[in-house]
$ cat protein27.txt   # compact mmCIF, C-alpha atoms and all ligand atoms
# COMPACT_ATOMS: atom_id res chain seq x y z
CA MET A 1 0.00 0.00 0.00
CA ILE A 2 1.15 3.52 -0.85
CA GLU A 3 0.10 6.41 1.37
CA PHE A 4 0.66 10.11 0.86
CA ILE A 5 -0.14 12.17 3.96
CA ASN A 6 -0.11 15.94 3.43
CA VAL A 7 2.78 15.55 1.00
CA GLU A 8 4.46 18.62 -0.42
CA LYS A 9 7.24 18.81 -3.01
CA ARG A 10 9.13 21.99 -3.80
CA TYR A 11 11.90 22.38 -6.33
CA GLY A 12 14.16 25.06 -4.88
CA LYS A 13 12.33 27.87 -3.12
CA ASP A 14 9.99 28.97 -5.83
CA VAL A 15 8.42 25.94 -7.51
CA LEU A 16 5.70 24.26 -5.49
CA ALA A 17 5.17 21.13 -7.60
CA LEU A 18 2.90 19.23 -5.18
CA GLN A 19 0.82 20.40 -2.25
CA ASP A 20 -1.57 18.81 0.24
CA ILE A 21 -1.38 15.41 -1.41
CA ASN A 22 -3.43 12.86 0.53
CA LEU A 23 -3.75 9.55 -1.19
CA SER A 24 -3.97 5.88 -0.43
CA ILE A 25 -3.33 3.25 -3.10
CA GLU A 26 -4.05 -0.39 -2.25
CA GLN A 27 -2.04 -3.33 -3.56
CA GLY A 28 -3.25 -4.40 -7.01
CA GLU A 29 -4.89 -1.13 -8.10
CA PHE A 30 -4.51 0.26 -11.63
CA VAL A 31 -4.33 4.03 -11.27
CA ALA A 32 -3.95 6.62 -14.02
CA ILE A 33 -2.70 10.08 -13.15
CA ILE A 34 -3.93 12.74 -15.55
CA GLY A 35 -3.53 16.49 -15.85
CA LEU A 36 -2.00 19.24 -17.93
CA SER A 37 1.69 19.39 -18.71
CA GLY A 38 3.48 20.73 -15.63
CA ALA A 39 0.63 19.77 -13.27
CA GLY A 40 2.93 17.55 -11.18
CA LYS A 41 2.23 14.04 -12.51
CA SER A 42 5.87 12.96 -12.94
CA THR A 43 6.84 14.49 -9.64
CA LEU A 44 4.13 12.53 -7.83
CA LEU A 45 5.23 9.29 -9.45
CA ARG A 46 8.92 9.88 -8.82
CA CYS A 47 8.46 10.64 -5.13
CA ILE A 48 7.17 7.08 -4.62
CA ASN A 49 10.50 5.44 -5.48
CA ARG A 50 12.60 8.32 -4.08
CA MET A 51 13.80 9.57 -7.45
CA HIS A 52 12.68 12.85 -5.89
CA ASP A 53 12.64 13.68 -2.19
CA ILE A 54 9.46 15.12 -0.75
CA THR A 55 9.84 18.40 1.13
CA GLY A 56 6.87 18.05 3.48
CA GLY A 57 4.42 15.49 4.87
CA THR A 58 4.82 11.72 4.96
CA LEU A 59 5.02 9.12 2.21
CA LEU A 60 4.71 5.45 3.16
CA VAL A 61 5.22 2.37 0.99
CA ASP A 62 4.03 -0.75 2.82
CA ASN A 63 4.22 1.20 6.08
CA ILE A 64 7.84 2.19 5.53
CA GLU A 65 8.56 5.90 5.53
CA VAL A 66 10.32 6.46 2.23
CA ALA A 67 12.10 9.67 3.34
CA GLN A 68 13.83 7.83 6.19
CA LEU A 69 15.50 5.25 3.94
CA LYS A 70 19.24 5.35 3.40
CA GLY A 71 21.39 3.74 0.64
CA LYS A 72 20.60 0.04 1.13
CA GLY A 73 17.00 0.78 2.13
CA VAL A 74 16.46 2.87 -1.01
CA ARG A 75 17.90 0.07 -3.17
CA LYS A 76 15.57 -2.43 -1.48
CA LEU A 77 12.59 -0.13 -2.05
CA ARG A 78 13.48 0.18 -5.73
CA ARG A 79 13.66 -3.60 -6.10
CA ARG A 80 9.99 -3.67 -5.10
CA ILE A 81 9.06 -0.83 -7.43
CA GLY A 82 9.63 -1.19 -11.17
CA MET A 83 9.81 1.91 -13.33
CA ILE A 84 8.86 2.20 -16.99
CA PHE A 85 9.79 5.29 -18.99
CA GLN A 86 8.59 6.76 -22.28
CA SER A 87 12.05 6.19 -23.77
CA PHE A 88 12.28 2.44 -22.83
CA ASN A 89 15.86 2.81 -21.42
CA LEU A 90 17.26 -0.30 -23.11
CA VAL A 91 20.72 -1.16 -24.40
CA THR A 92 19.81 -1.34 -28.07
CA ARG A 93 23.03 -2.93 -29.37
CA THR A 94 22.47 -6.16 -27.49
CA THR A 95 19.83 -8.89 -27.30
CA VAL A 96 16.41 -8.75 -25.72
CA LEU A 97 17.35 -11.51 -23.26
CA LYS A 98 20.47 -9.68 -22.08
CA ASN A 99 18.42 -6.55 -21.48
CA VAL A 100 16.09 -8.50 -19.21
CA LEU A 101 18.96 -10.32 -17.45
CA VAL A 102 20.43 -6.93 -16.52
CA SER A 103 17.68 -6.61 -13.91
CA PHE A 104 19.33 -9.42 -11.91
CA ILE A 105 22.76 -7.80 -11.69
CA PRO A 106 22.18 -6.31 -8.22
CA ASP A 107 21.38 -9.85 -6.93
CA LEU A 108 24.55 -11.45 -8.30
CA PRO A 109 27.57 -12.38 -6.21
CA ALA A 110 30.66 -10.30 -7.09
CA TRP A 111 32.33 -12.99 -9.22
CA ARG A 112 29.23 -13.37 -11.37
CA LYS A 113 29.00 -9.59 -11.75
CA ILE A 114 32.54 -9.58 -13.12
CA THR A 115 32.15 -12.57 -15.43
CA GLY A 116 28.60 -11.65 -16.41
CA ILE A 117 27.49 -15.26 -16.04
CA PHE A 118 23.85 -15.54 -15.13
CA SER A 119 22.41 -18.61 -13.42
CA LYS A 120 20.01 -20.99 -15.12
CA GLU A 121 17.30 -19.81 -12.73
CA HIS A 122 17.82 -16.19 -13.81
CA LYS A 123 17.61 -17.18 -17.47
CA ILE A 124 14.37 -19.07 -16.84
CA ARG A 125 12.92 -16.08 -15.00
CA ALA A 126 13.93 -13.74 -17.82
CA LEU A 127 12.46 -16.01 -20.50
CA THR A 128 9.26 -16.41 -18.46
CA ALA A 129 8.93 -12.61 -18.25
CA LEU A 130 9.38 -12.35 -22.03
CA ASP A 131 6.71 -15.00 -22.48
CA GLN A 132 4.35 -13.02 -20.21
CA VAL A 133 4.53 -10.03 -22.54
CA GLY A 134 4.32 -12.16 -25.69
CA ILE A 135 7.83 -11.69 -27.10
CA LEU A 136 9.58 -14.91 -26.14
CA ASP A 137 10.37 -15.50 -29.82
CA LYS A 138 12.44 -12.29 -29.81
CA ALA A 139 14.73 -13.34 -26.93
CA TYR A 140 17.87 -13.59 -29.11
CA VAL A 141 17.08 -10.64 -31.39
CA ARG A 142 18.98 -7.37 -30.98
CA VAL A 143 16.81 -4.66 -29.44
CA ASP A 144 17.52 -2.19 -32.27
CA GLN A 145 15.73 -4.57 -34.64
CA LEU A 146 12.46 -4.29 -32.73
CA SER A 147 9.57 -1.87 -33.13
CA GLY A 148 8.85 0.75 -30.46
CA GLY A 149 6.02 -1.31 -29.02
CA GLN A 150 8.18 -4.42 -28.84
CA GLN A 151 10.92 -2.40 -27.12
CA GLN A 152 8.43 -1.17 -24.52
CA ARG A 153 7.45 -4.81 -23.94
CA VAL A 154 11.11 -5.68 -23.34
CA ALA A 155 11.23 -2.88 -20.76
CA LEU A 156 8.10 -4.31 -19.17
CA ALA A 157 9.58 -7.83 -19.15
CA ARG A 158 12.76 -6.50 -17.51
CA THR A 159 10.61 -4.91 -14.83
CA ILE A 160 8.39 -7.91 -14.11
CA ALA A 161 11.41 -10.24 -14.00
CA GLN A 162 12.30 -8.41 -10.76
CA ASN A 163 9.00 -9.55 -9.31
CA PRO A 164 7.94 -6.05 -8.26
CA ALA A 165 4.89 -5.23 -6.11
CA ILE A 166 4.41 -1.90 -7.88
CA ILE A 167 5.09 -0.60 -11.39
CA LEU A 168 5.39 3.14 -11.95
CA ALA A 169 4.94 4.03 -15.61
CA ASP A 170 5.80 7.55 -16.76
CA GLU A 171 4.07 8.17 -20.11
CA PRO A 172 4.75 4.61 -21.36
CA ILE A 173 2.82 5.01 -24.62
CA ALA A 174 3.69 8.61 -25.45
CA SER A 175 5.96 7.68 -28.35
CA LEU A 176 3.86 4.81 -29.73
CA ASP A 177 1.16 4.74 -32.41
CA PRO A 178 -2.42 3.90 -31.31
CA VAL A 179 -2.34 0.22 -32.33
CA THR A 180 0.96 -0.46 -30.56
CA SER A 181 -0.19 1.61 -27.58
CA LYS A 182 -3.17 -0.68 -27.20
CA GLN A 183 -0.97 -3.79 -27.18
CA VAL A 184 1.28 -2.28 -24.52
CA MET A 185 -1.71 -1.18 -22.43
CA ASP A 186 -3.18 -4.70 -22.73
CA ASP A 187 0.12 -6.01 -21.31
CA PHE A 188 -0.07 -3.62 -18.38
CA LYS A 189 -3.65 -4.68 -17.70
CA LYS A 190 -2.78 -8.37 -17.88
CA ILE A 191 0.17 -7.99 -15.55
CA ASN A 192 -1.96 -5.97 -13.14
CA LYS A 193 -4.78 -8.50 -13.06
CA ASP A 194 -2.82 -11.77 -13.27
CA MET A 195 0.04 -10.84 -10.96
CA GLN A 196 -1.74 -8.34 -8.71
CA ILE A 197 1.03 -5.82 -9.35
CA SER A 198 -0.11 -2.25 -8.66
CA VAL A 199 0.22 -0.04 -11.73
CA ILE A 200 0.46 3.72 -11.34
CA MET A 201 0.71 5.43 -14.67
CA ASN A 202 1.06 9.00 -15.92
CA ILE A 203 -0.73 9.32 -19.16
CA HIS A 204 -1.67 12.08 -21.56
CA HIS A 205 -4.22 10.03 -23.51
CA VAL A 206 -7.38 10.55 -21.49
CA GLU A 207 -9.49 8.04 -23.39
CA VAL A 208 -6.85 5.34 -22.87
CA ALA A 209 -6.66 6.20 -19.16
CA LEU A 210 -10.44 5.88 -18.83
CA GLU A 211 -10.49 2.59 -20.73
CA TYR A 212 -7.73 0.82 -18.83
CA ALA A 213 -7.42 2.28 -15.34
CA ASP A 214 -9.78 1.44 -12.50
CA ARG A 215 -9.07 4.70 -10.74
CA ILE A 216 -8.31 8.17 -12.06
CA ILE A 217 -6.39 10.81 -10.17
CA GLY A 218 -6.62 14.28 -11.66
CA ILE A 219 -3.90 16.78 -10.79
CA ARG A 220 -4.09 20.50 -11.42
CA THR A 221 -1.23 22.83 -10.45
CA GLY A 222 0.15 20.38 -7.91
CA GLU A 223 -3.11 19.51 -6.19
CA ILE A 224 -5.42 16.52 -6.50
CA VAL A 225 -8.69 17.81 -7.90
CA TYR A 226 -10.27 14.43 -8.71
CA ASP A 227 -9.85 10.97 -7.26
CA GLY A 228 -12.43 8.39 -8.23
CA HIS A 229 -13.48 5.47 -10.36
CA ALA A 230 -12.79 5.77 -14.10
CA SER A 231 -16.44 5.05 -14.91
CA GLU A 232 -17.54 8.09 -12.90
CA VAL A 233 -15.41 10.63 -14.77
CA THR A 234 -17.68 13.08 -16.62
CA PRO A 235 -16.80 15.65 -19.32
CA GLU A 236 -17.25 18.35 -16.64
CA ILE A 237 -14.69 16.68 -14.39
CA LEU A 238 -12.23 16.44 -17.29
CA ASP A 239 -12.86 20.05 -18.12
CA TYR A 240 -11.98 21.02 -14.57
CA ILE A 241 -8.84 18.83 -14.39
CA TYR A 242 -7.61 20.23 -17.71
CA ASN A 243 -8.70 23.79 -16.99
CA GLY A 244 -10.86 23.84 -20.12
CA LYS A 245 -7.95 22.92 -22.42
CA LEU A 246 -8.74 19.27 -23.10
CA ASP A 247 -9.85 19.80 -26.72
CA GLU A 248 -6.63 21.65 -27.50
CA ILE A 249 -4.56 18.81 -26.03
CA GLN A 250 -6.52 16.12 -27.87
CA ASP A 251 -5.94 17.93 -31.19
CA GLU A 252 -2.22 18.07 -30.44
CA PHE A 253 -2.14 14.31 -29.78
CA GLU A 254 -4.03 13.49 -32.91
CA GLU A 255 -1.39 15.40 -34.87
CA LYS A 256 1.40 13.50 -33.10
CA GLU A 257 -0.29 10.17 -33.75
CA LYS A 258 -0.56 10.99 -37.44
CA GLU A 259 3.18 11.69 -37.43
CA ALA A 260 3.84 8.32 -35.73
CA TYR A 261 2.18 6.58 -38.68
CA VAL A 262 4.34 8.30 -41.29
N1 LIG B 301 13.95 19.10 -11.53
C1 LIG B 301 13.13 20.15 -11.49
N2 LIG B 301 13.58 21.36 -11.07
C2 LIG B 301 12.76 22.42 -11.00
N3 LIG B 301 11.43 22.38 -11.32
C3 LIG B 301 10.94 21.21 -11.74
C4 LIG B 301 11.76 20.03 -11.85
N4 LIG B 301 11.00 19.01 -12.29
C5 LIG B 301 9.75 19.53 -12.45
N5 LIG B 301 9.72 20.82 -12.12
C6 LIG B 301 8.54 21.72 -12.14
O1 LIG B 301 7.57 21.14 -11.29
C7 LIG B 301 6.26 21.26 -11.86
C8 LIG B 301 5.66 19.88 -12.06
O2 LIG B 301 6.42 19.21 -13.06
P1 LIG B 301 6.14 17.69 -13.49
O3 LIG B 301 7.23 17.29 -14.43
O4 LIG B 301 5.94 16.87 -12.28
O5 LIG B 301 4.75 17.85 -14.27
P2 LIG B 301 4.02 16.83 -15.24
O6 LIG B 301 2.56 16.96 -14.93
O7 LIG B 301 4.61 15.49 -15.14
O8 LIG B 301 4.30 17.47 -16.67
P3 LIG B 301 4.51 16.74 -18.10
O9 LIG B 301 3.18 16.12 -18.41
O10 LIG B 301 4.85 17.86 -19.02
O11 LIG B 301 5.59 15.74 -17.94
C9 LIG B 301 6.42 22.06 -13.15
O12 LIG B 301 6.21 23.41 -12.84
C10 LIG B 301 7.88 21.82 -13.51
O13 LIG B 301 8.40 22.90 -14.24
$ encode --input "protein27.txt" --output "structure tokens"
Amino acid sequence: MIEFINVEKRYGKDVLALQDINLSIEQGEFVAIIGLSGAGKSTLLRCINRMHDITGGTLLVDNIEVAQLKGKGVRKLRRRIGMIFQSFNLVTRTTVLKNVLVSFIPDLPAWRKITGIFSKEHKIRALTALDQVGILDKAYVRVDQLSGGQQQRVALARTIAQNPAIILADEPIASLDPVTSKQVMDDFKKINKDMQISVIMNIHHVEVALEYADRIIGIRTGEIVYDGHASEVTPEILDYIYNGKLDEIQDEFEEKEKEAYV
């Protein structure tokens, strides 16, 4: 469970990125965070795994106060929390399997780290993760030979191979076309339902958020202005979250999607 209690995040003295954040996310939820650019979505996500430090309030992950953790504690926290980025963060010159195996490096004894020899168990876990996202047949293919959607699935396999309790996804489909986006979102949904992994996702595509997430959190200038079930989100609520600019944003995305097809 993730709990934000009166959380505040400032960057320097002047930028108040998050304020009065009170939130409780149970294990196994699929949550989409929506809001205008600059509203504070990434900041909220990145406070959970301590990529950013909060500057006020309390943030608990499974009853552990994240701000109190030191080196080893932070590493342990991050083993429980997978992170997926828009840009996939893969080593493209090497194989899919090697990219997934990389997630085991922190678990290896020193001699294995040096020789780069992974155990049979690690290989089985990596191949199982690839199977779970439907790209087992690509295990020995170089990443740079895959499509964007396939690369995002490799990133997802690398994350689930760690056996995380939570996956944070920061705009995971922003650089994908609509068809590929759907495949990747289906993977997230499957992983969430089958493995009970919590998924907390920042997403610009409102209609995708409403289709896939169970719960929507709307952020506007650093504050939560909506927190409820996806089925209860009305056009008025969206209008408020997006400060009346939703149509503008949708047009912009449609343009970008057209470009992705070219
Ligand atoms: N490292 C930083 N240093 C200073 N200000 C920052 C930093 N990161 C974010 N901010 C500011 O904090 C606010 C929230 O930014 P954040 O990136 O969390 O928004 P966002 O909703 O994720 O936006 P986007 O959708 O464009 O990614 C913005 O005003 C942003 O300029």
$ closest_atom_pairs --input "protein27.txt" --of "region 53-124 of chain A" --to "region 169-177 of chain A" --cutoff "6 Å" --atoms "only C-alpha atoms" --output "JSON lines"
{"residue": "A:Met83", "atom": "CA", "partner": "A:Ala169", "partner_atom": "CA", "distance": 5.8}
{"residue": "A:Ile84", "atom": "CA", "partner": "A:Ala169", "partner_atom": "CA", "distance": 4.5}
{"residue": "A:Phe85", "atom": "CA", "partner": "A:Asp170", "partner_atom": "CA", "distance": 5.1}
{"residue": "A:Gln86", "atom": "CA", "partner": "A:Pro172", "partner_atom": "CA", "distance": 4.5}
$ residues_near_ligand --input "protein27.txt" --ligand "ligand LIG 301 (chain B)" --cutoff "7 Å" --atoms "all atoms listed in the file" --output "MDAnalysis selection string"
chainID A and resid 11:12 15:17 35:44 222
$ closest_residue --input "protein27.txt" --among "A:Gln27, A:Ala32, A:Gly134, A:Lys193" --to "Ala213 (chain A)" --atoms "all atoms listed in the file"
A:Ala32
$ residues_around --input "protein27.txt" --residues "Ile200 (chain A)" --least-positions-apart "2" --cutoff "12 Å" --atoms "all atoms listed in the file" --output "PDB file with C-alpha atoms, keeping the file's coordinate frame"
ATOM      1  CA  MET A   1       0.000   0.000   0.000  1.00  0.00           C
ATOM      2  CA  ILE A   2       1.150   3.520  -0.850  1.00  0.00           C
ATOM      3  CA  SER A  24      -3.970   5.880  -0.430  1.00  0.00           C
ATOM      4  CA  ILE A  25      -3.330   3.250  -3.100  1.00  0.00           C
ATOM      5  CA  GLU A  26      -4.050  -0.390  -2.250  1.00  0.00           C
ATOM      6  CA  GLN A  27      -2.040  -3.330  -3.560  1.00  0.00           C
ATOM      7  CA  GLY A  28      -3.250  -4.400  -7.010  1.00  0.00           C
ATOM      8  CA  GLU A  29      -4.890  -1.130  -8.100  1.00  0.00           C
ATOM      9  CA  PHE A  30      -4.510   0.260 -11.630  1.00  0.00           C
ATOM     10  CA  VAL A  31      -4.330   4.030 -11.270  1.00  0.00           C
ATOM     11  CA  ALA A  32      -3.950   6.620 -14.020  1.00  0.00           C
ATOM     12  CA  ILE A  33      -2.700  10.080 -13.150  1.00  0.00           C
ATOM     13  CA  ILE A  34      -3.930  12.740 -15.550  1.00  0.00           C
ATOM     14  CA  LYS A  41       2.230  14.040 -12.510  1.00  0.00           C
ATOM     15  CA  SER A  42       5.870  12.960 -12.940  1.00  0.00           C
ATOM     16  CA  LEU A  44       4.130  12.530  -7.830  1.00  0.00           C
ATOM     17  CA  LEU A  45       5.230   9.290  -9.450  1.00  0.00           C
ATOM     18  CA  ARG A  46       8.920   9.880  -8.820  1.00  0.00           C
ATOM     19  CA  ILE A  48       7.170   7.080  -4.620  1.00  0.00           C
ATOM     20  CA  ASN A  49      10.500   5.440  -5.480  1.00  0.00           C
ATOM     21  CA  ILE A  81       9.060  -0.830  -7.430  1.00  0.00           C
ATOM     22  CA  GLY A  82       9.630  -1.190 -11.170  1.00  0.00           C
ATOM     23  CA  MET A  83       9.810   1.910 -13.330  1.00  0.00           C
ATOM     24  CA  ILE A  84       8.860   2.200 -16.990  1.00  0.00           C
ATOM     25  CA  ALA A 165       4.890  -5.230  -6.110  1.00  0.00           C
ATOM     26  CA  ILE A 166       4.410  -1.900  -7.880  1.00  0.00           C
ATOM     27  CA  ILE A 167       5.090  -0.600 -11.390  1.00  0.00           C
ATOM     28  CA  LEU A 168       5.390   3.140 -11.950  1.00  0.00           C
ATOM     29  CA  ALA A 169       4.940   4.030 -15.610  1.00  0.00           C
ATOM     30  CA  ASP A 170       5.800   7.550 -16.760  1.00  0.00           C
ATOM     31  CA  GLU A 171       4.070   8.170 -20.110  1.00  0.00           C
ATOM     32  CA  PRO A 172       4.750   4.610 -21.360  1.00  0.00           C
ATOM     33  CA  PHE A 188      -0.070  -3.620 -18.380  1.00  0.00           C
ATOM     34  CA  LYS A 189      -3.650  -4.680 -17.700  1.00  0.00           C
ATOM     35  CA  ASN A 192      -1.960  -5.970 -13.140  1.00  0.00           C
ATOM     36  CA  ILE A 197       1.030  -5.820  -9.350  1.00  0.00           C
ATOM     37  CA  SER A 198      -0.110  -2.250  -8.660  1.00  0.00           C
ATOM     38  CA  ASN A 202       1.060   9.000 -15.920  1.00  0.00           C
ATOM     39  CA  ILE A 203      -0.730   9.320 -19.160  1.00  0.00           C
ATOM     40  CA  ALA A 209      -6.660   6.200 -19.160  1.00  0.00           C
ATOM     41  CA  TYR A 212      -7.730   0.820 -18.830  1.00  0.00           C
ATOM     42  CA  ALA A 213      -7.420   2.280 -15.340  1.00  0.00           C
ATOM     43  CA  ASP A 214      -9.780   1.440 -12.500  1.00  0.00           C
ATOM     44  CA  ARG A 215      -9.070   4.700 -10.740  1.00  0.00           C
ATOM     45  CA  ILE A 216      -8.310   8.170 -12.060  1.00  0.00           C
ATOM     46  CA  ILE A 217      -6.390  10.810 -10.170  1.00  0.00           C
TER      47      ILE A 217
END
$ residues_around --input "protein27.txt" --residues "Val96 (chain A)" --least-positions-apart "2" --cutoff "7 Å" --atoms "all atoms listed in the file" --output "ChimeraX atom specification"
/A:94,98-100,138-143,154
$ closest_residue --input "protein27.txt" --among "A:Met201, A:Val225, A:Met51, A:Ile21" --to "Arg75 (chain A)" --atoms "all atoms listed in the file"
A:Met51
$ closest_residue --input "protein27.txt" --among "A:Ala155, A:Val179, A:Ala126, A:Ile237" --to "Leu97 (chain A)" --atoms "only C-alpha atoms"
A:Ala126
$ atom_distance --input "protein27.txt" --atom1 "CA of Val208 (chain A)" --atom2 "CA of Gln145 (chain A)"
27.3 Å
$ closest_residue --input "protein27.txt" --among "A:Gln250, A:Gln150, A:Leu130, A:Arg50" --to "Gln68 (chain A)" --atoms "only C-alpha atoms"
A:Arg50
$ residues_near_point --input "protein27.txt" --point "(-11.8, 8.6, -23.4)" --cutoff "10 Å" --atoms "only C-alpha atoms" --output "compact mmCIF listing (two decimals) with C-alpha atoms, keeping the file's coordinate frame"
# COMPACT_ATOMS: atom_id res chain seq x y z
CA HIS A 205 -4.22 10.03 -23.51
CA VAL A 206 -7.38 10.55 -21.49
CA GLU A 207 -9.49 8.04 -23.39
CA VAL A 208 -6.85 5.34 -22.87
CA ALA A 209 -6.66 6.20 -19.16
CA LEU A 210 -10.44 5.88 -18.83
CA GLU A 211 -10.49 2.59 -20.73
CA TYR A 212 -7.73 0.82 -18.83
CA ALA A 230 -12.79 5.77 -14.10
CA VAL A 233 -15.41 10.63 -14.77
CA PRO A 235 -16.80 15.65 -19.32
CA LEU A 238 -12.23 16.44 -17.29
$ closest_residue --input "protein27.txt" --among "A:Thr159, A:Thr55, A:Gln152, A:Thr92" --to "Arg80 (chain A)" --atoms "only C-alpha atoms"
A:Thr159
$ atom_distance --input "protein27.txt" --atom1 "CA of Ala161 (chain A)" --atom2 "CA of Phe104 (chain A)"
8.2 Å
$ atom_distance --input "protein27.txt" --atom1 "CA of Val133 (chain A)" --atom2 "CA of Lys190 (chain A)"
8.8 Å
$ residues_around --input "protein27.txt" --residues "Leu59 (chain A)" --least-positions-apart "6" --cutoff "7 Å" --atoms "only C-alpha atoms" --output "number ranges by chain"
A: 3-5, 7, 65-66
$ residues_around --input "protein27.txt" --residues "region 77-79 of chain A" --least-positions-apart "4" --cutoff "7 Å" --atoms "only C-alpha atoms" --output "list in words"
Asn49, Gly73, Gln162 and Pro164 of chain A
$ residues_around --input "protein27.txt" --residues "Gly56 (chain A)" --least-positions-apart "4" --cutoff "10 Å" --atoms "only C-alpha atoms" --output "list of chain:residue names"
A:Ile5, A:Asn6, A:Val7, A:Glu8, A:Lys9, A:Arg10, A:Leu18, A:Gln19, A:Asp20, A:Ile21, A:Ala67
$ closest_residue --input "protein27.txt" --among "A:Lys76, A:Leu101, A:Val184, A:Ser87" --to "Arg125 (chain A)" --atoms "only C-alpha atoms"
A:Leu101
